[in-house]
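Colleague: I have a structure here, written as structure tokens, and I will follow up with some questions on it.
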Amino acid sequence: MIYSNKPRTYRILPVLIAALLLLGGCGEQRFLAPDAPQFSLPGLTGEETITLDDYRGDVVYVSFWASWCVPCREEMPLLASLWQSHRDEGFQVIAINVDEDPAAARQFVRDHGLEFPVARDADRSVSKLYRVAGYPSHYLVDRRG
């Protein structure tokens with residue numbers, strides 16, 4: 001299941017995460033959205049491949065972002081804090097970067113000490129798959145995908 005939220009709706013995010021962690025997803029099947037589109041992307045460092053399916057069984061917050069995006073810069077420390085607080089409960093973050101210059105994205109990750117997986121969507125193919133219209137854009141995927 002996939003949930004989308006608009007930028008700057010951070011106040012409701014902890015409530016959604018808690019509900020998904022405790023309940024394992026939403027109620028009856030008739031209320032479920034389609035499965036989240038699968039993807040496999042290189043990590044920002046190029047040393048690993050990040051695949052959504054590897055996180056099935058966890059609640060996954062997929063965030064499309066860019067280092068030049070002001071709201072993205074504001075939310076990353078909050079997202080890192082949420083991940084630190086809830087990762088042991090099965091909450092994961094996959095940050096998908098769309099910068100044209102990967103060095104700028106790597107510097108941003110270093111500057112902010114981001115430890116969750118950061119993927120690179122160089123050609124924005126996954127962004128198109130998720131119909132991303134602007135940055136940041138977020139999708140919350142429940143334990144069932």
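Letters A, B, ... go to the chains of the structure tokens in the order shown; residues in each chain start at 1; ligands are counted from 1 in the same order.
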Using only C-alpha atoms, determine which residues lie at most 8 Å from Val62 in chain A, disregarding the query and same-chain residues fewer than 6 positions distant; provide the list as a list in words.
Modeller: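 Answer for this query is Val93, Ile94, Ala95, Ile96, His138, Tyr139, Leu140 and Val141 of chain A.
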Colleague: Could you please take those selected residues and save N, CA and C atoms as a short mmCIF file (atom, residue, chain, number, x, y, z; two decimals), in the first residue's frame?
Modeller:
data_model
loop_
_atom_site.label_atom_id
_atom_site.label_comp_id
_atom_site.auth_asym_id
_atom_site.auth_seq_id
_atom_site.Cartn_x
_atom_site.Cartn_y
_atom_site.Cartn_z
N VAL A 93 13.73 4.48 5.78
CA VAL A 93 13.69 5.63 4.89
C VAL A 93 14.54 5.29 3.67
N ILE A 94 14.01 5.57 2.51
CA ILE A 94 14.81 5.55 1.29
C ILE A 94 14.69 6.94 0.68
N ALA A 95 15.80 7.65 0.67
CA ALA A 95 15.83 8.99 0.08
C ALA A 95 16.34 8.85 -1.35
N ILE A 96 15.56 9.32 -2.29
CA ILE A 96 15.93 9.21 -3.70
C ILE A 96 16.30 10.60 -4.22
N HIS A 138 6.81 12.64 -1.20
CA HIS A 138 6.94 11.53 -0.25
C HIS A 138 5.89 10.47 -0.48
N TYR A 139 6.26 9.24 -0.20
CA TYR A 139 5.35 8.11 -0.28
C TYR A 139 5.61 7.22 0.92
N LEU A 140 4.56 6.85 1.59
CA LEU A 140 4.65 5.97 2.75
C LEU A 140 4.11 4.61 2.35
N VAL A 141 4.98 3.61 2.38
CA VAL A 141 4.63 2.26 1.94
C VAL A 141 4.50 1.38 3.18
#
Colleague: Please provide as a ChimeraX atom specification all residues within 10 Å of range 109-122 of chain A, with the sequence filter that same-chain residues fewer than 6 positions apart are discarded (counting only C-alpha atoms).
Modeller: /A:40-46,48-51,62-65,67,73,76-77,79-81,83-84,87,92-103
Colleague: Please write the residues from the selection above to a file, keeping N, CA and C atoms, as a tab-separated table (two decimals), in the first residue's frame.
Modeller:
chain	number	residue	atom	x	y	z
A	40	SER	N	14.80	-0.35	-8.43
A	40	SER	CA	16.16	-0.73	-8.06
A	40	SER	C	17.06	0.38	-8.58
A	41	LEU	N	17.74	1.06	-7.68
A	41	LEU	CA	18.57	2.20	-8.05
A	41	LEU	C	19.95	2.07	-7.41
A	42	PRO	N	20.95	2.66	-8.05
A	42	PRO	CA	22.27	2.67	-7.41
A	42	PRO	C	22.25	3.58	-6.19
A	43	GLY	N	23.01	3.19	-5.19
A	43	GLY	CA	23.18	4.08	-4.05
A	43	GLY	C	23.95	5.32	-4.48
A	44	LEU	N	23.84	6.36	-3.70
A	44	LEU	CA	24.49	7.63	-4.05
A	44	LEU	C	26.00	7.47	-4.16
A	45	THR	N	26.57	6.58	-3.38
A	45	THR	CA	28.01	6.37	-3.44
A	45	THR	C	28.40	5.44	-4.59
A	46	GLY	N	27.41	4.76	-5.18
A	46	GLY	CA	27.68	3.84	-6.28
A	46	GLY	C	28.14	2.48	-5.82
A	48	GLU	N	26.41	0.35	-3.79
A	48	GLU	CA	25.33	-0.59	-3.49
A	48	GLU	C	24.15	-0.32	-4.40
A	49	THR	N	23.22	-1.26	-4.40
A	49	THR	CA	21.96	-1.09	-5.11
A	49	THR	C	20.85	-1.08	-4.07
A	50	ILE	N	19.95	-0.12	-4.21
A	50	ILE	CA	18.83	0.02	-3.27
A	50	ILE	C	17.57	-0.39	-3.99
A	51	THR	N	16.90	-1.38	-3.44
A	51	THR	CA	15.70	-1.95	-4.05
A	51	THR	C	14.57	-1.89	-3.04
A	62	VAL	N	9.49	6.76	1.41
A	62	VAL	CA	10.27	7.05	0.21
A	62	VAL	C	10.19	8.56	-0.03
A	63	SER	N	11.33	9.20	-0.05
A	63	SER	CA	11.38	10.65	-0.20
A	63	SER	C	12.22	11.01	-1.43
A	64	PHE	N	11.60	11.72	-2.36
A	64	PHE	CA	12.31	12.22	-3.53
A	64	PHE	C	12.78	13.63	-3.19
A	65	TRP	N	14.07	13.91	-3.38
A	65	TRP	CA	14.62	15.18	-2.93
A	65	TRP	C	15.80	15.62	-3.81
A	67	SER	N	19.38	18.47	-3.43
A	67	SER	CA	20.15	19.31	-2.51
A	67	SER	C	19.84	20.79	-2.67
A	73	ARG	N	15.95	20.57	2.22
A	73	ARG	CA	17.02	20.86	3.17
A	73	ARG	C	16.47	21.01	4.58
A	76	MET	N	15.20	17.18	5.93
A	76	MET	CA	16.11	16.05	6.10
A	76	MET	C	16.53	15.81	7.55
A	77	PRO	N	16.86	16.84	8.33
A	77	PRO	CA	17.18	16.57	9.74
A	77	PRO	C	15.98	15.97	10.51
A	79	LEU	N	13.60	14.09	9.15
A	79	LEU	CA	13.47	12.73	8.65
A	79	LEU	C	14.53	11.82	9.29
A	80	ALA	N	15.74	12.33	9.41
A	80	ALA	CA	16.81	11.56	10.06
A	80	ALA	C	16.45	11.25	11.51
A	81	SER	N	15.87	12.21	12.19
A	81	SER	CA	15.46	12.02	13.58
A	81	SER	C	14.34	10.98	13.69
A	83	TRP	N	13.74	8.55	11.60
A	83	TRP	CA	14.33	7.25	11.28
A	83	TRP	C	15.10	6.70	12.48
A	84	GLN	N	15.90	7.56	13.12
A	84	GLN	CA	16.66	7.13	14.30
A	84	GLN	C	15.73	6.64	15.41
A	87	ARG	N	13.54	3.20	13.64
A	87	ARG	CA	14.08	2.16	12.77
A	87	ARG	C	14.06	0.78	13.41
A	92	GLN	N	11.72	2.38	7.88
A	92	GLN	CA	12.87	2.62	7.03
A	92	GLN	C	12.65	3.87	6.18
A	93	VAL	N	13.73	4.48	5.78
A	93	VAL	CA	13.69	5.63	4.89
A	93	VAL	C	14.54	5.29	3.67
A	94	ILE	N	14.01	5.57	2.51
A	94	ILE	CA	14.81	5.55	1.29
A	94	ILE	C	14.69	6.94	0.68
A	95	ALA	N	15.80	7.65	0.67
A	95	ALA	CA	15.83	8.99	0.08
A	95	ALA	C	16.34	8.85	-1.35
A	96	ILE	N	15.56	9.32	-2.29
A	96	ILE	CA	15.93	9.21	-3.70
A	96	ILE	C	16.30	10.60	-4.22
A	97	ASN	N	17.57	10.75	-4.54
A	97	ASN	CA	18.09	12.04	-4.97
A	97	ASN	C	18.01	12.20	-6.48
A	98	VAL	N	17.67	13.41	-6.91
A	98	VAL	CA	17.53	13.70	-8.34
A	98	VAL	C	18.49	14.79	-8.82
A	99	ASP	N	19.49	15.13	-8.02
A	99	ASP	CA	20.46	16.15	-8.43
A	99	ASP	C	21.16	15.76	-9.72
A	100	GLU	N	21.41	16.74	-10.58
A	100	GLU	CA	22.21	16.50	-11.77
A	100	GLU	C	23.67	16.28	-11.39
A	101	ASP	N	24.10	16.92	-10.32
A	101	ASP	CA	25.48	16.81	-9.84
A	101	ASP	C	25.50	15.90	-8.61
A	102	PRO	N	25.92	14.65	-8.76
A	102	PRO	CA	25.92	13.74	-7.61
A	102	PRO	C	26.87	14.19	-6.50
A	103	ALA	N	27.89	14.96	-6.84
A	103	ALA	CA	28.82	15.46	-5.81
A	103	ALA	C	28.09	16.38	-4.83
Colleague: So what do you get for CA of Ser137 in chain A versus CA of Glu89 in chain A, distance-wise?
Modeller: 23.5 Å
